[in-house]
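*Asks:* Data file target29.txt (compact mmCIF, C-alpha atoms) is appended below.
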# COMPACT_ATOMS: atom_id res chain seq x y z
CA MET A 94 -69.95 12.52 27.49
CA ASN A 95 -72.50 12.06 30.31
CA ARG A 96 -70.35 14.22 32.56
CA ARG A 97 -69.98 16.88 29.87
CA VAL A 98 -73.75 17.03 29.28
CA LEU A 99 -74.58 17.21 32.99
CA LYS A 100 -71.89 19.85 33.56
CA LEU A 101 -73.77 22.09 31.12
CA ALA A 102 -77.35 21.09 32.00
CA VAL A 103 -77.41 20.98 35.80
CA PRO A 104 -76.28 24.60 36.46
CA SER A 105 -78.95 25.87 34.05
CA ILE A 106 -81.61 23.79 35.81
CA LEU A 107 -80.54 25.11 39.22
CA ALA A 108 -80.73 28.69 37.93
CA ASN A 109 -84.16 28.10 36.39
CA ILE A 110 -85.57 26.89 39.71
CA THR A 111 -85.18 30.40 41.15
CA VAL A 112 -87.26 32.00 38.36
CA PRO A 113 -90.81 31.20 39.59
CA LEU A 114 -89.80 32.14 43.14
CA VAL A 115 -89.20 35.75 42.11
CA GLY A 116 -92.62 36.10 40.49
CA MET A 117 -94.30 34.64 43.56
CA VAL A 118 -92.43 37.04 45.87
CA ASP A 119 -93.22 40.12 43.75
CA VAL A 120 -96.92 39.25 43.71
CA GLY A 121 -96.84 38.42 47.43
CA VAL A 122 -95.12 41.70 48.35
CA SER A 123 -97.51 43.77 46.24
CA GLY A 124 -100.42 41.90 47.79
CA HIS A 125 -99.26 42.73 51.31
CA ILE A 126 -98.37 46.37 50.75
CA GLY A 127 -101.30 47.18 48.50
CA ASN A 128 -104.54 45.68 47.30
CA ALA A 129 -106.07 44.02 44.25
CA VAL A 130 -105.51 47.22 42.27
CA ALA A 131 -101.77 47.13 43.03
CA ILE A 132 -101.53 43.45 42.07
CA GLY A 133 -103.40 44.15 38.84
CA GLY A 134 -101.15 47.09 38.01
CA MET A 135 -98.01 45.05 38.53
CA ALA A 136 -99.45 42.14 36.52
CA ILE A 137 -100.20 44.38 33.54
CA SER A 138 -96.85 46.14 33.62
CA THR A 139 -94.97 42.86 34.03
CA MET A 140 -96.87 41.48 31.04
CA LEU A 141 -95.79 44.49 28.97
CA PHE A 142 -92.14 43.76 29.79
CA ASP A 143 -92.63 40.07 29.05
CA LEU A 144 -94.00 40.97 25.62
CA LEU A 145 -91.10 43.36 25.08
CA TYR A 146 -88.27 41.07 26.18
CA TRP A 147 -89.66 37.73 25.01
CA ASN A 148 -89.04 38.78 21.41
CA MET A 149 -85.47 39.77 22.26
CA GLY A 150 -84.58 36.22 23.31
CA PHE A 151 -82.68 35.84 20.04
CA LEU A 152 -79.87 37.86 21.63
CA ARG A 153 -79.17 34.85 23.87
CA THR A 154 -79.90 31.95 21.53
CA GLY A 155 -78.29 33.47 18.46
CA THR A 156 -75.18 34.53 20.35
CA GLY A 157 -74.90 31.12 22.04
CA GLY A 158 -75.10 29.09 18.85
CA MET A 159 -72.67 31.22 16.85
CA VAL A 160 -70.16 31.55 19.70
CA ALA A 161 -70.26 27.76 20.26
CA GLN A 162 -69.38 27.13 16.62
CA ALA A 163 -66.58 29.70 16.66
CA TYR A 164 -65.29 28.11 19.88
CA GLY A 165 -65.34 24.71 18.21
CA ARG A 166 -63.29 26.13 15.32
CA ARG A 167 -60.93 27.69 17.88
CA ASN A 168 -61.51 30.99 16.09
CA LEU A 169 -61.33 33.46 18.96
CA THR A 170 -61.56 36.44 16.63
CA ASP A 171 -64.99 35.23 15.52
CA VAL A 172 -65.98 34.60 19.15
CA MET A 173 -65.33 38.22 20.07
CA LYS A 174 -66.81 39.51 16.83
CA ILE A 175 -70.12 37.79 17.61
CA PHE A 176 -69.98 38.93 21.24
CA THR A 177 -69.41 42.59 20.34
CA GLN A 178 -72.10 42.45 17.65
CA GLY A 179 -74.50 41.07 20.26
CA LEU A 180 -73.69 43.77 22.81
CA GLY A 181 -73.95 46.48 20.18
CA THR A 182 -77.35 45.17 19.10
CA ALA A 183 -78.55 44.96 22.72
CA LEU A 184 -77.58 48.56 23.43
CA GLY A 185 -79.11 49.74 20.16
CA ILE A 186 -82.42 48.04 20.99
CA ALA A 187 -82.30 49.52 24.51
CA LEU A 188 -82.00 53.02 23.03
CA LEU A 189 -84.98 52.28 20.78
CA ILE A 190 -86.99 51.12 23.80
CA PHE A 191 -86.16 54.37 25.59
CA ALA A 192 -87.26 56.33 22.54
CA ILE A 193 -90.66 54.61 22.25
CA GLN A 194 -91.36 54.06 25.96
CA PHE A 195 -94.24 56.58 26.17
CA LEU A 196 -95.79 55.47 22.89
CA TYR A 197 -95.54 51.78 23.85
CA ILE A 198 -97.37 52.04 27.16
CA ASP A 199 -99.98 54.48 25.85
CA ILE A 200 -100.92 52.16 23.00
CA ALA A 201 -100.81 49.06 25.24
CA LEU A 202 -103.12 50.54 27.88
CA ARG A 203 -105.63 51.51 25.21
CA PHE A 204 -106.04 47.85 24.30
CA ILE A 205 -105.91 46.40 27.84
CA PRO A 206 -109.20 46.77 29.69
CA CYS A 207 -108.42 48.05 33.20
CA SER A 208 -109.45 50.79 35.60
CA GLU A 209 -107.67 54.13 35.83
CA ALA A 210 -106.30 53.11 39.23
CA VAL A 211 -104.78 49.90 37.84
CA ALA A 212 -103.36 51.80 34.85
CA ASP A 213 -101.79 54.34 37.22
CA TYR A 214 -100.02 51.59 39.18
CA ALA A 215 -98.89 49.98 35.93
CA ARG A 216 -97.34 53.25 34.77
CA GLN A 217 -95.51 53.76 38.08
CA TYR A 218 -93.90 50.32 37.83
CA TYR A 219 -93.24 50.61 34.08
CA PHE A 220 -91.46 53.99 34.11
CA ILE A 221 -89.01 52.79 36.77
CA ARG A 222 -88.25 49.34 35.39
CA ILE A 223 -87.87 50.60 31.80
CA TRP A 224 -84.41 51.95 32.73
CA ALA A 225 -83.19 48.38 33.23
CA ALA A 226 -83.43 47.74 29.46
CA PRO A 227 -79.66 48.04 28.73
CA ALA A 228 -78.83 45.64 31.55
CA THR A 229 -81.59 43.15 30.72
CA LEU A 230 -80.70 42.94 27.04
CA SER A 231 -76.94 42.83 27.68
CA LEU A 232 -77.49 39.95 30.11
CA PHE A 233 -79.05 37.97 27.23
CA VAL A 234 -75.83 38.42 25.27
CA PHE A 235 -73.55 37.56 28.18
CA LYS A 236 -75.55 34.40 28.90
CA GLY A 237 -75.33 33.33 25.26
CA PHE A 238 -71.60 34.02 25.24
CA PHE A 239 -70.97 31.98 28.39
CA ILE A 240 -73.01 29.02 27.14
CA GLY A 241 -71.30 29.15 23.75
CA MET A 242 -67.97 28.96 25.57
CA GLN A 243 -69.20 25.74 27.26
CA ASP A 244 -69.53 27.56 30.57
CA ALA A 245 -72.86 26.96 32.34
CA VAL A 246 -71.62 27.93 35.80
CA SER A 247 -71.19 31.66 35.05
CA PRO A 248 -74.75 32.20 33.76
CA MET A 249 -76.04 30.14 36.71
CA ALA A 250 -74.20 32.45 39.12
CA VAL A 251 -75.62 35.50 37.33
CA ASP A 252 -79.21 34.17 37.22
CA ILE A 253 -79.21 33.16 40.88
CA THR A 254 -77.67 36.49 41.89
CA VAL A 255 -80.28 38.47 39.93
CA ASN A 256 -83.22 36.43 41.23
CA VAL A 257 -82.11 36.33 44.87
CA ALA A 258 -81.21 40.04 44.79
CA ASN A 259 -84.62 40.82 43.32
CA LEU A 260 -86.26 38.87 46.12
CA ALA A 261 -84.24 40.50 48.91
CA LEU A 262 -84.42 44.02 47.47
CA SER A 263 -88.20 43.79 46.98
CA LEU A 264 -88.57 43.15 50.70
CA LEU A 265 -86.02 45.84 51.58
CA PHE A 266 -87.26 48.62 49.30
CA ALA A 267 -90.98 47.97 49.38
CA VAL A 268 -91.42 46.95 53.03
CA ARG A 269 -88.48 48.01 55.20
CA LEU A 270 -87.76 51.35 53.49
CA GLY A 271 -91.44 52.08 52.88
CA LEU A 272 -91.19 52.69 49.13
CA GLY A 273 -94.30 50.60 48.62
CA PHE A 274 -95.27 49.56 45.12
CA ARG A 275 -92.44 51.54 43.52
CA GLY A 276 -89.96 49.62 45.64
CA ILE A 277 -90.71 46.42 43.71
CA ALA A 278 -89.80 48.13 40.42
CA TRP A 279 -86.63 49.60 41.96
CA ALA A 280 -85.70 46.11 43.15
CA VAL A 281 -85.98 44.69 39.62
CA LEU A 282 -83.98 47.59 38.20
CA THR A 283 -81.19 47.24 40.77
CA ALA A 284 -81.04 43.44 40.47
CA GLN A 285 -80.62 43.64 36.69
CA TYR A 286 -77.65 45.99 36.96
CA LEU A 287 -76.11 43.86 39.73
CA GLY A 288 -76.36 40.93 37.31
CA LEU A 289 -74.67 42.97 34.58
CA VAL A 290 -71.85 43.99 36.92
CA LEU A 291 -71.33 40.35 37.93
CA SER A 292 -71.31 39.29 34.25
CA ILE A 293 -68.60 41.84 33.49
CA VAL A 294 -66.60 40.69 36.53
CA LEU A 295 -66.86 37.04 35.44
CA PHE A 296 -65.85 37.97 31.91
CA VAL A 297 -62.80 39.83 33.18
CA LEU A 298 -61.86 36.99 35.53
CA TYR A 299 -62.11 34.17 33.00
CA TYR A 300 -62.07 35.66 29.50
CA ARG A 301 -60.10 38.90 29.65
CA LYS A 302 -57.41 37.40 27.39
CA LEU A 303 -60.00 37.37 24.61
CA LEU A 304 -60.10 41.18 24.60
CA ARG A 305 -57.01 41.17 22.39
CA TYR A 306 -59.16 39.61 19.65
CA VAL A 307 -61.71 42.45 19.61
CA ASN A 308 -61.79 44.05 16.15
CA LEU A 309 -64.55 46.66 15.86
CA ARG A 310 -63.88 47.18 12.17
CA LEU A 311 -64.44 43.47 11.52
CA SER A 312 -67.55 43.46 13.72
CA LEU A 313 -69.07 46.28 11.66
CA ARG A 314 -68.28 44.73 8.27
CA MET A 315 -71.55 44.42 6.31
CA LYS A 316 -70.99 40.79 5.34
CA ASP A 317 -70.55 39.73 8.97
CA LEU A 318 -73.40 41.90 10.19
CA GLY A 319 -75.62 40.37 7.51
CA LYS A 320 -74.91 36.87 8.79
CA PHE A 321 -75.45 37.94 12.42
CA PHE A 322 -78.81 39.58 11.71
CA GLY A 323 -79.85 36.78 9.35
CA VAL A 324 -79.47 34.18 12.11
CA ASN A 325 -81.11 36.39 14.71
CA GLY A 326 -83.88 37.57 12.41
CA ASN A 327 -85.08 33.98 12.03
CA LEU A 328 -84.99 33.54 15.81
CA PHE A 329 -86.96 36.76 16.23
CA VAL A 330 -89.75 35.39 14.03
CA ARG A 331 -89.67 32.18 16.08
CA SER A 332 -90.12 34.19 19.28
CA VAL A 333 -93.07 36.06 17.79
CA CYS A 334 -94.71 32.74 16.93
CA PHE A 335 -94.18 31.52 20.50
CA LEU A 336 -95.77 34.72 21.72
CA PHE A 337 -98.83 34.22 19.51
CA ILE A 338 -99.31 30.72 20.92
CA TYR A 339 -98.97 31.63 24.60
CA VAL A 340 -101.00 34.84 24.35
CA GLY A 341 -103.53 32.98 22.20
CA PHE A 342 -103.84 30.19 24.77
CA THR A 343 -104.66 32.68 27.54
CA SER A 344 -106.91 34.84 25.37
CA LEU A 345 -108.94 31.88 24.08
CA ALA A 346 -109.27 30.42 27.58
CA SER A 347 -110.73 33.72 28.82
CA HIS A 348 -113.74 33.21 26.53
CA TYR A 349 -114.84 30.30 28.74
CA GLY A 350 -115.15 32.37 31.93
CA ASP A 351 -113.01 33.37 34.87
CA THR A 352 -112.86 29.92 36.43
CA GLN A 353 -111.64 28.24 33.25
CA LEU A 354 -109.16 31.06 32.71
CA ALA A 355 -107.76 30.44 36.20
CA VAL A 356 -107.53 26.69 35.51
CA SER A 357 -105.75 27.17 32.18
CA THR A 358 -103.33 29.70 33.70
CA ILE A 359 -102.30 27.29 36.44
CA ILE A 360 -102.07 24.33 34.04
CA MET A 361 -99.77 26.42 31.83
CA LYS A 362 -97.57 27.25 34.83
CA LEU A 363 -97.30 23.53 35.60
CA PHE A 364 -96.38 22.91 31.94
CA MET A 365 -93.63 25.49 32.38
CA LEU A 366 -92.30 23.66 35.44
CA PHE A 367 -91.26 20.80 33.15
CA SER A 368 -89.67 23.26 30.73
CA PHE A 369 -87.40 24.64 33.49
CA PHE A 370 -85.72 21.23 33.65
CA MET A 371 -85.73 20.58 29.91
CA ASP A 372 -84.18 23.97 29.16
CA GLY A 373 -81.01 22.87 30.95
CA PHE A 374 -80.55 20.02 28.48
CA ALA A 375 -81.57 22.25 25.58
CA TYR A 376 -78.73 24.62 26.58
CA ALA A 377 -76.37 21.64 26.73
CA GLY A 378 -77.49 20.61 23.24
CA GLU A 379 -76.94 24.15 21.97
CA ALA A 380 -73.43 24.39 23.42
CA LEU A 381 -72.27 20.92 22.38
CA ALA A 382 -73.86 20.92 18.92
CA GLY A 383 -72.25 24.26 18.14
CA ARG A 384 -68.90 23.13 19.49
CA TYR A 385 -68.77 19.85 17.54
CA ILE A 386 -70.08 21.40 14.34
CA GLY A 387 -67.44 24.12 14.61
CA ALA A 388 -64.77 21.46 15.21
CA ARG A 389 -66.13 19.31 12.33
CA ASP A 390 -66.46 16.39 14.75
CA ALA A 391 -69.35 14.25 13.46
CA GLY A 392 -68.77 11.52 16.01
CA GLY A 393 -68.88 13.95 18.93
CA LEU A 394 -72.04 15.55 17.57
CA ARG A 395 -73.91 12.26 17.20
CA LEU A 396 -72.78 10.99 20.60
CA SER A 397 -73.76 14.22 22.37
CA ILE A 398 -77.22 14.16 20.78
CA LYS A 399 -77.68 10.51 21.76
CA VAL A 400 -76.68 11.15 25.38
CA ILE A 401 -78.83 14.28 25.69
CA PHE A 402 -81.89 12.45 24.36
CA ARG A 403 -81.24 9.57 26.76
CA TRP A 404 -81.21 11.94 29.75
CA CYS A 405 -84.26 13.84 28.52
CA LEU A 406 -86.31 10.69 27.97
CA PHE A 407 -85.46 9.62 31.51
CA LEU A 408 -86.48 13.06 32.80
CA ALA A 409 -89.72 12.92 30.80
CA ALA A 410 -90.59 9.52 32.31
CA VAL A 411 -89.92 10.80 35.84
CA SER A 412 -91.92 13.97 35.18
CA THR A 413 -94.86 11.97 33.86
CA LEU A 414 -94.82 9.82 36.99
CA VAL A 415 -94.73 12.94 39.18
CA TYR A 416 -97.63 14.55 37.30
CA VAL A 417 -99.70 11.34 37.50
CA CYS A 418 -99.06 10.85 41.22
CA ALA A 419 -99.03 14.46 42.38
CA GLY A 420 -100.64 16.55 39.62
CA LYS A 421 -103.79 17.33 41.62
CA TRP A 422 -101.75 18.19 44.70
CA MET A 423 -99.44 20.45 42.66
CA PHE A 424 -102.48 22.23 41.23
CA SER A 425 -103.93 22.76 44.71
CA LEU A 426 -100.65 24.40 45.80
CA MET A 427 -101.27 27.13 43.24
CA THR A 428 -104.73 28.08 44.53
CA ASP A 429 -107.01 27.51 47.50
CA LYS A 430 -110.20 28.30 45.57
CA ALA A 431 -112.43 25.21 45.80
CA ASP A 432 -114.31 25.98 42.56
CA VAL A 433 -111.06 26.31 40.57
CA ILE A 434 -109.63 23.09 42.02
CA ALA A 435 -112.88 21.23 41.24
CA ALA A 436 -112.94 22.61 37.68
CA SER A 437 -109.38 21.39 37.05
CA ALA A 438 -110.25 17.67 37.30
CA PRO A 439 -110.95 17.09 33.57
CA PHE A 440 -107.69 18.80 32.55
CA ILE A 441 -105.08 17.17 34.80
CA VAL A 442 -104.65 14.41 32.21
CA TRP A 443 -102.94 16.93 29.92
CA LEU A 444 -100.14 17.20 32.49
CA TRP A 445 -99.65 13.44 32.20
CA VAL A 446 -99.14 13.44 28.42
CA MET A 447 -97.31 16.75 28.03
CA PRO A 448 -93.74 15.42 28.66
CA ALA A 449 -94.14 12.72 25.99
CA PHE A 450 -95.40 15.25 23.43
CA SER A 451 -92.87 17.99 24.10
CA THR A 452 -89.53 16.36 24.97
CA ALA A 453 -88.22 16.05 21.42
CA ALA A 454 -89.23 19.62 20.62
CA PHE A 455 -87.20 21.00 23.56
CA VAL A 456 -84.11 18.93 22.76
CA TRP A 457 -84.06 19.56 19.02
CA ASP A 458 -84.69 23.26 19.55
CA GLY A 459 -81.42 23.58 21.48
CA ILE A 460 -79.50 21.41 19.00
CA TYR A 461 -80.82 23.33 15.96
CA THR A 462 -79.88 26.61 17.68
CA GLY A 463 -76.33 25.35 18.26
CA ALA A 464 -76.18 24.35 14.61
CA THR A 465 -77.46 27.86 13.70
CA ALA A 466 -80.12 26.11 11.58
CA THR A 467 -82.38 29.02 12.40
CA ARG A 468 -84.27 29.15 9.11
CA SER A 469 -85.51 25.62 9.72
CA ILE A 470 -86.43 26.56 13.31
CA MET A 471 -88.39 29.55 12.01
CA LEU A 472 -90.30 27.59 9.37
CA GLY A 473 -91.10 24.81 11.83
CA MET A 474 -92.35 27.32 14.38
CA ILE A 475 -94.55 29.07 11.81
CA CYS A 476 -96.11 25.68 10.99
CA ALA A 477 -96.51 24.92 14.70
CA ALA A 478 -98.25 28.24 15.38
CA ALA A 479 -100.58 27.72 12.42
CA SER A 480 -101.35 24.18 13.60
CA PHE A 481 -102.22 25.46 17.09
CA PHE A 482 -104.94 27.79 15.84
CA ALA A 483 -106.12 25.37 13.13
CA ALA A 484 -106.47 22.55 15.66
CA TYR A 485 -108.34 24.71 18.15
CA TYR A 486 -110.84 26.17 15.69
CA GLY A 487 -111.27 22.77 14.03
CA LEU A 488 -112.01 20.95 17.30
CA ARG A 489 -113.74 23.51 19.53
CA GLN A 490 -117.27 22.75 18.29
CA ILE A 491 -116.80 19.11 19.31
CA PHE A 492 -114.63 19.32 22.43
CA GLY A 493 -115.12 22.86 23.74
CA ILE A 494 -112.26 24.14 25.90
CA GLN A 495 -110.58 20.73 25.76
CA ALA A 496 -109.75 21.64 22.16
CA LEU A 497 -107.47 24.38 23.49
CA TYR A 498 -105.30 21.89 25.36
CA ALA A 499 -105.35 19.49 22.42
CA ALA A 500 -104.20 22.34 20.16
CA TYR A 501 -101.28 23.05 22.47
CA MET A 502 -100.19 19.40 22.23
CA VAL A 503 -100.60 19.50 18.45
CA HIS A 504 -98.25 22.48 18.20
CA VAL A 505 -95.44 20.80 20.20
CA LEU A 506 -95.96 17.59 18.23
CA VAL A 507 -95.62 19.50 14.95
CA ARG A 508 -92.39 21.07 16.21
CA SER A 509 -91.04 17.66 17.22
CA VAL A 510 -91.94 15.98 13.93
CA TRP A 511 -90.62 18.89 11.86
CA MET A 512 -87.21 18.97 13.52
CA GLN A 513 -86.92 15.18 13.60
CA ALA A 514 -87.69 15.07 9.88
CA PHE A 515 -85.18 17.77 8.91
CA ARG A 516 -82.37 16.85 11.32
CA ARG A 517 -80.10 15.43 8.62
CA ARG A 518 -80.51 18.39 6.30
CA SER A 519 -80.35 21.06 9.03
CA VAL A 520 -77.93 19.63 11.63
CA TYR A 521 -75.89 16.70 10.39
CA ALA A 522 -75.36 18.29 6.97
CA LYS A 523 -73.33 21.02 8.69
CA ILE A 524 -70.40 18.60 9.02
CA SER A 525 -71.08 16.02 6.28
Please express what this file holds, its structure, as structure tokens.
*Replies:*
Amino acid sequence: MNRRVLKLAVPSILANITVPLVGMVDVGVSGHIGNAVAIGGMAISTMLFDLLYWNMGFLRTGTGGMVAQAYGRRNLTDVMKIFTQGLGTALGIALLIFAIQFLYIDIALRFIPCSEAVADYARQYYFIRIWAAPATLSLFVFKGFFIGMQDAVSPMAVDITVNVANLALSLLFAVRLGLGFRGIAWAVLTAQYLGLVLSIVLFVLYYRKLLRYVNLRLSLRMKDLGKFFGVNGNLFVRSVCFLFIYVGFTSLASHYGDTQLAVSTIIMKLFMLFSFFMDGFAYAGEALAGRYIGARDAGGLRLSIKVIFRWCLFLAAVSTLVYVCAGKWMFSLMTDKADVIAASAPFIVWLWVMPAFSTAAFVWDGIYTGATATRSIMLGMICAAASFFAAYYGLRQIFGIQALYAAYMVHVLVRSVWMQAFRRRSVYAKIS
């Protein structure tokens, strides 16, 4: 079982490591070919896409959990039904995005305070990258399909290809070919479609025999569509709650001044560094939980959960040690501003405790997704989001900005406790 867990977790971790590199390169390229206005324009436009695509994450998680269960049942007709429903939904959402693209950016820029020059750069980037929507959303579905089929190597290959291509093409288009700021957007667009082409190639290489099980009439049956959108609707609400928390964290931090905003932004990025590793085991939990629930294998389910938690607790202990020994150094790598580094001193302790607070939440989130216990995920996330804001507003008069970090820990603790409390009803009951 250890080998099976690591076979699923390690490729996802390796792929995740390339994610922050791309963001750093894009900012670095824009900083060298332009100025602060160009960087600001790219930051705003990138944020708009993050807001847009974050809420579409259900296309990956929902597809992964349902495909894993169908795989466990050895029901290949259901596997392809879910896959085609996912692709159809992705393309439908992409068409909707195309239809509202002008309205979306016009409304967004009315609420985002920025200069006309920054807004102009944001529009340039936005109106190029928007055409990647079909590829970006389809990649969510392909990744969910691969993970559900217990294949973590294919999505790793796709993620690394997309991220490395984005890096190389940004340098090629923006610098060597002289396309400037627009070249960065063209690089993202091209990389996304390269990833989609590779996904199709991998599907044809390894899963083309499944095409015989495609039944469009079955995929469009109202009963099956109802189940598909029921699962994914709950995950959509969960994503919205996540968005409220992360946008709320940044927005509330901005009230304490630019220096504190910079500190909180970097601390959040260092929080995310831990999540890149934990996500690999969450994906393993999703794939294995779905597989064993589909196969009605209670013993396999319990053993896989036990092994995944054992690895994650080890990883949390190592991460805590790294944050304690090197947290200040890691923070200083993110900025050379002496005032920001000095202001971070009272907040480094939150890096030390974050792994202990959040490990269970990460693991159970993947397992619940594999079990398609999405209603419980949604309700737990609503409670977690409410607890975040309640904790902050309840503590801010006493602790000031420290209340913001405490509220973040409260929200992950609520998620952990909720899913631990309902594990028998939501996960184990699926095969009892």
*Asks:* Do you know which residues are at most 8 Å from A:Asp252 counting all atoms listed in the file, after dropping those on the same chain fewer than 4 positions away, and could you put them as a CSV table (one decimal) with C-alpha atoms, in the frame of the given file?
*Replies:*
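part.csv, freshly written:
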chain,number,residue,atom,x,y,z
A,108,ALA,CA,-80.7,28.7,37.9
A,109,ASN,CA,-84.2,28.1,36.4
A,248,PRO,CA,-74.8,32.2,33.8
A,256,ASN,CA,-83.2,36.4,41.2
A,288,GLY,CA,-76.4,40.9,37.3
*Asks:* Of the residues A:Ser519, A:Ser412, A:Thr343, A:Thr452, which is the one nearest to A:Leu497, using all atoms listed in the file?
*Replies:*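 Under the stated criterion, the closest residue is A:Thr343.
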*Asks:* With only C-alpha atoms as the basis for distance, which of A:Leu265, A:Ile359, A:Ile106, A:Ala431 is at the shortest distance from A:Leu444?
*Replies:*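 Closest candidate: A:Ile359.
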*Asks:* Write out as JSON lines a residue-level contact list of stretch 148-257 of chain A versus stretch 268-281 of chain A with cut-off 9 Å: for each qualifying residue the closest pair of atoms and the distance in Å to one decimal, counting all atoms listed in the file, rows sorted by chain and residue number upward.
*Replies:*
{"residue": "A:Tyr214", "atom": "CA", "partner": "A:Phe274", "partner_atom": "CA", "distance": 7.9}
{"residue": "A:Gln217", "atom": "CA", "partner": "A:Arg275", "partner_atom": "CA", "distance": 6.6}
{"residue": "A:Tyr218", "atom": "CA", "partner": "A:Ala278", "partner_atom": "CA", "distance": 5.3}
{"residue": "A:Tyr219", "atom": "CA", "partner": "A:Ala278", "partner_atom": "CA", "distance": 7.6}
{"residue": "A:Phe220", "atom": "CA", "partner": "A:Ala278", "partner_atom": "CA", "distance": 8.8}
{"residue": "A:Ile221", "atom": "CA", "partner": "A:Ala278", "partner_atom": "CA", "distance": 6.0}
{"residue": "A:Arg222", "atom": "CA", "partner": "A:Ala278", "partner_atom": "CA", "distance": 5.4}
{"residue": "A:Ala225", "atom": "CA", "partner": "A:Val281", "partner_atom": "CA", "distance": 7.9}
{"residue": "A:Val255", "atom": "CA", "partner": "A:Val281", "partner_atom": "CA", "distance": 8.4}
{"residue": "A:Asn256", "atom": "CA", "partner": "A:Val281", "partner_atom": "CA", "distance": 8.9}
*Asks:* Per residue of stretch 226-285 of chain A within 10 Å of stretch 363-384 of chain A, record the nearest atom pair and its distance in Å to one decimal, counting only C-alpha atoms, with rows in chain order and ascending residue number, as a tab-separated table.
*Replies:*
residue	atom	partner	partner_atom	distance
A:Gly237	CA	A:Ala380	CA	9.3
A:Phe238	CA	A:Ala380	CA	10.0
A:Phe239	CA	A:Ala380	CA	9.4
A:Ile240	CA	A:Ala380	CA	6.0
A:Gly241	CA	A:Ala380	CA	5.2
A:Met242	CA	A:Ala380	CA	7.4
A:Gln243	CA	A:Ala380	CA	5.9
A:Asp244	CA	A:Ala380	CA	8.7
A:Ala245	CA	A:Ala377	CA	8.5
*Asks:* Which residue is closest to A:Leu169? Choose from A:Pro104, A:Gly387, A:Pro439, A:Gly150 and count only C-alpha atoms.
*Replies:*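 For A:Leu169, the nearest of the candidates is A:Gly387.
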*Asks:* Please determine, counting only C-alpha atoms, which residue among A:Arg518, A:His504, A:Gln490, A:Met474 has the shortest atom-to-atom distance to A:Leu328.
*Replies:*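 The closest residue to A:Leu328 is A:Met474.
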*Asks:* So, counting all atoms listed in the file, which residue among A:Leu295, A:Ala522, A:Ile200, A:Leu289 is closest to A:Ile386?
*Replies:*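 Once distances to A:Ile386 are computed over all atoms listed in the file, the minimum belongs to A:Ala522.
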*Asks:* Using all atoms listed in the file, can you tell me which of A:Phe342, A:Tyr461, A:Phe235, A:Trp224 comes closest to A:Ser357?
*Replies:*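 For A:Ser357, the nearest of the given residues is A:Phe342.
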*Asks:* Tell me which protein, DNA and RNA residues are within 7 Å of stretch 509-512 of chain A, counting all atoms listed in the file, leaving out same-chain ones fewer than 6 positions away, and put them as a list in words.
*Replies:* Ala453, Ala454, Trp457 and Gly473 of chain A
*Asks:* In Å, with one decimal, what is the gap from atom CA of A:Asn308 to atom CA of A:Asp171?
*Replies:*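 Those two atoms sit 9.4 Å apart.
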*Asks:* Applying 10 Å and only C-alpha atoms, which residues near A:Phe233 remain after dropping the ones on its own chain fewer than 5 positions away? List them as a PyMOL selection string.
*Replies:* chain A and resi 146+149-157+179-180+183+228+238+248+289
*Asks:* At what distance in Å, to one decimal, does atom CA of A:Gln285 lie from atom CA of A:Leu303?
*Replies:* 24.7 Å
*Asks:* With 8 Å as the threshold, what does the neighbourhood of (-82.8, 32.7, 9.5) contain in terms of residues, counting only C-alpha atoms? Coordinates are those of the file; answer as a PyMOL selection string.
*Replies:* chain A and resi 323-328+466-469+471
*Asks:* Enclose all atoms of stretch 428-444 of chain A listed in the file in an axis-aligned box, grow every side by 8 Å, and hand back centre and edge lengths in Å to one decimal, as AutoDock Vina command-line options.
*Replies:*
--center_x -107.2 --center_y 21.4 --center_z 38.7 --size_x 30.2 --size_y 29.9 --size_z 33.6
*Asks:* Could you pull the residues within 10 Å of A:Leu488, counting only C-alpha atoms, minus those fewer than 5 positions along the same chain, as a count of residues only?
*Replies:* 9
*Asks:* Residues proximal to (-94.9, 25.0, 17.2) were defined as those with any atom within 9 Å of that point in the file's coordinates, counting all atoms listed in the file. Which are they, as a ChimeraX atom specification?
*Replies:* /A:331,334-335,338,454,473-481,501,503-509
*Asks:* To one decimal place in Å, what is the distance between atom CA of A:Val356 and atom CA of A:Tyr498?
*Replies:*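 We find that atom CA of A:Val356 and atom CA of A:Tyr498 lie 11.4 Å from each other.
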*Asks:* Name all residues at most 12 Å from A:Leu396 (count only C-alpha atoms; drop same-chain ones fewer than 6 positions away) and give them as a PyMOL selection string.
*Replies:* chain A and resi 94-95+97-98+378+381-382+385+390+402-403
*Asks:* How would the residues just picked look written out with C-alpha atoms as a CSV table (one decimal), keeping the file's coordinate frame?
*Replies:*
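File out_7.csv, as written:
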chain,number,residue,atom,x,y,z
A,94,MET,CA,-70.0,12.5,27.5
A,95,ASN,CA,-72.5,12.1,30.3
A,97,ARG,CA,-70.0,16.9,29.9
A,98,VAL,CA,-73.8,17.0,29.3
A,378,GLY,CA,-77.5,20.6,23.2
A,381,LEU,CA,-72.3,20.9,22.4
A,382,ALA,CA,-73.9,20.9,18.9
A,385,TYR,CA,-68.8,19.8,17.5
A,390,ASP,CA,-66.5,16.4,14.8
A,402,PHE,CA,-81.9,12.4,24.4
A,403,ARG,CA,-81.2,9.6,26.8
